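S.K.: Once you've had a glance at the structure underneath, I'll fire off some questions.
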Amino acid sequence: MVFLLAVISCAKAQESSSSKDRTKTVLLINAHLTYKGLSEGTLNKSFYEEAKKFFISAGYHILETKISDGYDVDKEVEKHMLADIIVLQTPVNWESTPWIYKKYVDDVFTSAMFSKKFLNGDGRSAQDPSRQYGTGGNMQGKKFMLCATWNAPEESFNDPSQLVFKGKSADDALFNVAVNYTFVGYEVLAGYHCYDIFHNKHIKEDLKKYPAHLRKVLTL
């Protein structure tokens, strides 16, 4: 009996060590949509590349999707299944992501709903009325974070006197983007935001500070 307990204990320790040592995977998604002469994508590409460099240095396996280049829905579902963390890089166009990202989500999440890979229903149960809407996800243990570039200045957020956002944070203003991931079980991390991009004199500083934010929210 003592020998058996020792074997079980050793196996659990090895399993825990193996899980801890496993190479983690990040899926980097670039949602930029080019508008010639107005929005060429250079800034979003810079933040995207900064994140990629950070995750490579942290030993992550890198998966990538640039939505405007096109995508295979089944492959995108599998990327989500493989990734421990999703980082969405997006400009904010008319207070949301470009339309190509909404189409991407509709395509990928709907496919994963039918296959039951991301979720099994919406979580509610006739047998257990206490089950909440949005608790049917299969993606627990995974994380989602967005990095967004805004024309809006930083002072337009977190201030109830401001006309547009009425006290909301930037993350609150993009709640509709992150909530899809909450719905299927992801933990949503605090986002990173670059404000007032057409007048911002601190973009280089914002880029330089980005890795520190990633390190903080991922506790690396």
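Going by the structure tokens order, chains are called A, B, ..., each with residues numbered from 1, while ligands are numbered from 1 in the order shown.
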When DSSP works through the backbone of this structure, what residues of stretch 53-162 of chain A end up as alpha helix (DSSP H), shown as a PyMOL selection string?

M.R.: chain A and resi 53-57+73-82+99-114

S.K.: Which residues are close to stretch 57-71 of chain A, i.e. within 6 Å by only C-alpha atoms, leaving aside same-chain residues fewer than 5 positions away? Reply as a list in words.

M.R.: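 My reading of the contact set: Lys24, Thr25, Val26, Leu27, Leu28, Ile29, Asn30 and Ala31 of chain A.
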
S.K.: Write out the residues from the selection above, keeping N, CA, C and O atoms, as a PDB file, in the first residue's frame.

M.R.:
```pdb
ATOM      1  N   LYS A  24       3.647  26.935 -23.847  1.00  0.00           N
ATOM      2  CA  LYS A  24       2.343  27.556 -24.041  1.00  0.00           C
ATOM      3  C   LYS A  24       2.247  28.168 -25.438  1.00  0.00           C
ATOM      4  O   LYS A  24       3.251  28.464 -26.085  1.00  0.00           O
ATOM      5  N   THR A  25       1.013  28.344 -25.869  1.00  0.00           N
ATOM      6  CA  THR A  25       0.747  28.827 -27.219  1.00  0.00           C
ATOM      7  C   THR A  25      -0.080  30.098 -27.157  1.00  0.00           C
ATOM      8  O   THR A  25      -1.029  30.204 -26.382  1.00  0.00           O
ATOM      9  N   VAL A  26       0.257  31.077 -27.994  1.00  0.00           N
ATOM     10  CA  VAL A  26      -0.509  32.308 -28.118  1.00  0.00           C
ATOM     11  C   VAL A  26      -0.980  32.449 -29.559  1.00  0.00           C
ATOM     12  O   VAL A  26      -0.239  32.149 -30.499  1.00  0.00           O
ATOM     13  N   LEU A  27      -2.221  32.862 -29.723  1.00  0.00           N
ATOM     14  CA  LEU A  27      -2.761  33.205 -31.034  1.00  0.00           C
ATOM     15  C   LEU A  27      -2.850  34.726 -31.114  1.00  0.00           C
ATOM     16  O   LEU A  27      -3.567  35.357 -30.333  1.00  0.00           O
ATOM     17  N   LEU A  28      -2.103  35.295 -32.051  1.00  0.00           N
ATOM     18  CA  LEU A  28      -2.119  36.738 -32.283  1.00  0.00           C
ATOM     19  C   LEU A  28      -3.015  37.023 -33.481  1.00  0.00           C
ATOM     20  O   LEU A  28      -2.789  36.499 -34.578  1.00  0.00           O
ATOM     21  N   ILE A  29      -4.027  37.856 -33.266  1.00  0.00           N
ATOM     22  CA  ILE A  29      -4.983  38.191 -34.327  1.00  0.00           C
ATOM     23  C   ILE A  29      -4.864  39.668 -34.666  1.00  0.00           C
ATOM     24  O   ILE A  29      -4.983  40.523 -33.779  1.00  0.00           O
ATOM     25  N   ASN A  30      -4.634  39.972 -35.921  1.00  0.00           N
ATOM     26  CA  ASN A  30      -4.588  41.363 -36.392  1.00  0.00           C
ATOM     27  C   ASN A  30      -5.883  41.647 -37.143  1.00  0.00           C
ATOM     28  O   ASN A  30      -6.148  41.065 -38.196  1.00  0.00           O
ATOM     29  N   ALA A  31      -6.710  42.543 -36.589  1.00  0.00           N
ATOM     30  CA  ALA A  31      -8.021  42.840 -37.159  1.00  0.00           C
ATOM     31  C   ALA A  31      -8.029  44.109 -38.004  1.00  0.00           C
ATOM     32  O   ALA A  31      -9.097  44.580 -38.410  1.00  0.00           O
TER      33      ALA A  31
END
```

S.K.: Excluding A:Glu205 and its own-chain neighbours fewer than 6 positions away, which residues fall within 12 Å of it when counting only C-alpha atoms? Please give them as a ChimeraX atom specification.

M.R.: /A:47,194-195,211-212

S.K.: Would you output that residue set with all heavy atoms, as a PDB file, in the first residue's frame?

M.R.:
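That gives us part_7.pdb:
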```pdb
ATOM      1  N   PHE A  47       2.287  47.381 -32.843  1.00  0.00           N
ATOM      2  CA  PHE A  47       1.875  46.758 -31.579  1.00  0.00           C
ATOM      3  C   PHE A  47       1.826  45.237 -31.713  1.00  0.00           C
ATOM      4  O   PHE A  47       2.227  44.499 -30.801  1.00  0.00           O
ATOM      5  CB  PHE A  47       0.512  47.295 -31.138  1.00  0.00           C
ATOM      6  CG  PHE A  47       0.588  48.595 -30.403  1.00  0.00           C
ATOM      7  CD1 PHE A  47       0.263  49.791 -31.030  1.00  0.00           C
ATOM      8  CD2 PHE A  47       1.003  48.643 -29.074  1.00  0.00           C
ATOM      9  CE1 PHE A  47       0.344  50.998 -30.355  1.00  0.00           C
ATOM     10  CE2 PHE A  47       1.085  49.841 -28.385  1.00  0.00           C
ATOM     11  CZ  PHE A  47       0.762  51.019 -29.028  1.00  0.00           C
ATOM     12  N   CYS A 194      -3.922  52.485 -26.841  1.00  0.00           N
ATOM     13  CA  CYS A 194      -3.152  53.626 -27.325  1.00  0.00           C
ATOM     14  C   CYS A 194      -4.158  54.662 -27.809  1.00  0.00           C
ATOM     15  O   CYS A 194      -4.934  54.395 -28.737  1.00  0.00           O
ATOM     16  CB  CYS A 194      -2.228  53.191 -28.459  1.00  0.00           C
ATOM     17  SG  CYS A 194      -1.206  54.524 -29.138  1.00  0.00           S
ATOM     18  N   TYR A 195      -4.152  55.840 -27.169  1.00  0.00           N
ATOM     19  CA  TYR A 195      -5.197  56.837 -27.395  1.00  0.00           C
ATOM     20  C   TYR A 195      -4.748  57.970 -28.331  1.00  0.00           C
ATOM     21  O   TYR A 195      -3.552  58.201 -28.525  1.00  0.00           O
ATOM     22  CB  TYR A 195      -5.611  57.457 -26.054  1.00  0.00           C
ATOM     23  CG  TYR A 195      -6.069  56.466 -25.003  1.00  0.00           C
ATOM     24  CD1 TYR A 195      -5.199  56.021 -24.006  1.00  0.00           C
ATOM     25  CD2 TYR A 195      -7.370  55.976 -25.006  1.00  0.00           C
ATOM     26  CE1 TYR A 195      -5.624  55.121 -23.035  1.00  0.00           C
ATOM     27  CE2 TYR A 195      -7.799  55.074 -24.034  1.00  0.00           C
ATOM     28  CZ  TYR A 195      -6.922  54.649 -23.053  1.00  0.00           C
ATOM     29  OH  TYR A 195      -7.339  53.761 -22.100  1.00  0.00           O
ATOM     30  N   PRO A 211       5.133  45.659 -23.464  1.00  0.00           N
ATOM     31  CA  PRO A 211       5.591  44.391 -22.873  1.00  0.00           C
ATOM     32  C   PRO A 211       5.401  44.312 -21.362  1.00  0.00           C
ATOM     33  O   PRO A 211       5.090  43.241 -20.820  1.00  0.00           O
ATOM     34  CB  PRO A 211       7.079  44.336 -23.253  1.00  0.00           C
ATOM     35  CG  PRO A 211       7.175  45.165 -24.494  1.00  0.00           C
ATOM     36  CD  PRO A 211       6.195  46.285 -24.284  1.00  0.00           C
ATOM     37  N   ALA A 212       5.561  45.437 -20.676  1.00  0.00           N
ATOM     38  CA  ALA A 212       5.378  45.444 -19.223  1.00  0.00           C
ATOM     39  C   ALA A 212       3.923  45.131 -18.870  1.00  0.00           C
ATOM     40  O   ALA A 212       3.642  44.441 -17.881  1.00  0.00           O
ATOM     41  CB  ALA A 212       5.791  46.794 -18.644  1.00  0.00           C
TER      42      ALA A 212
END
```

S.K.: For A:Phe118, which of A:Gln140, A:Thr42, A:Gln89, A:Ser130 is the closest residue, counting only C-alpha atoms?

M.R.: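 Looking at the shortest contact to A:Phe118, the residue is A:Gln140.
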
S.K.: Need the shell around A:Tyr133: protein/DNA/RNA residues with any atom at most 9 Å away, counting only C-alpha atoms. Skip same-chain ones fewer than 2 positions apart. Format as a compact mmCIF listing (two decimals) with C-alpha atoms, in the first residue's frame?

M.R.:
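File written: around.txt
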```
# COMPACT_ATOMS: atom_id res chain seq x y z
CA ASP A 122 -25.64 28.74 -23.28
CA GLY A 123 -25.28 27.19 -19.83
CA ARG A 124 -28.91 27.31 -18.69
CA ARG A 131 -27.28 27.82 -13.89
CA THR A 135 -21.90 29.23 -18.34
CA GLY A 136 -21.86 26.60 -21.09
CA PHE A 183 -19.35 33.52 -23.01
```

S.K.: I'd like to know which residues of stretch 22-159 of chain A are strand (DSSP E) (by DSSP, run on the backbone); could you write them as a PyMOL selection string?

M.R.: chain A and resi 25-30+61-66+85-91+143-149

S.K.: Since we have the selection now, will you write its residues out, keeping C-alpha atoms, as a PDB file, in the first residue's frame?

M.R.:
```
ATOM      1  CA  THR A  25       0.747  28.827 -27.219  1.00  0.00           C
ATOM      2  CA  VAL A  26      -0.509  32.308 -28.118  1.00  0.00           C
ATOM      3  CA  LEU A  27      -2.761  33.205 -31.034  1.00  0.00           C
ATOM      4  CA  LEU A  28      -2.119  36.738 -32.283  1.00  0.00           C
ATOM      5  CA  ILE A  29      -4.983  38.191 -34.327  1.00  0.00           C
ATOM      6  CA  ASN A  30      -4.588  41.363 -36.392  1.00  0.00           C
ATOM      7  CA  HIS A  61       4.625  28.905 -29.521  1.00  0.00           C
ATOM      8  CA  ILE A  62       3.180  31.526 -31.891  1.00  0.00           C
ATOM      9  CA  LEU A  63       0.047  31.175 -34.041  1.00  0.00           C
ATOM     10  CA  GLU A  64      -0.945  34.106 -36.256  1.00  0.00           C
ATOM     11  CA  THR A  65      -3.969  35.382 -38.151  1.00  0.00           C
ATOM     12  CA  LYS A  66      -4.242  38.557 -40.198  1.00  0.00           C
ATOM     13  CA  ILE A  85      -4.061  33.010 -24.807  1.00  0.00           C
ATOM     14  CA  ILE A  86      -5.638  35.050 -27.603  1.00  0.00           C
ATOM     15  CA  VAL A  87      -4.360  38.582 -28.186  1.00  0.00           C
ATOM     16  CA  LEU A  88      -6.499  40.704 -30.480  1.00  0.00           C
ATOM     17  CA  GLN A  89      -4.840  43.719 -32.074  1.00  0.00           C
ATOM     18  CA  THR A  90      -7.413  46.127 -33.441  1.00  0.00           C
ATOM     19  CA  PRO A  91      -8.006  49.721 -34.426  1.00  0.00           C
ATOM     20  CA  LYS A 143      -7.183  33.894 -21.581  1.00  0.00           C
ATOM     21  CA  PHE A 144      -8.155  36.730 -23.922  1.00  0.00           C
ATOM     22  CA  MET A 145      -6.718  40.226 -24.155  1.00  0.00           C
ATOM     23  CA  LEU A 146      -7.191  43.056 -26.607  1.00  0.00           C
ATOM     24  CA  CYS A 147      -4.840  45.845 -27.606  1.00  0.00           C
ATOM     25  CA  ALA A 148      -6.631  48.739 -29.275  1.00  0.00           C
ATOM     26  CA  THR A 149      -5.659  51.969 -31.012  1.00  0.00           C
TER      27      THR A 149
END
```
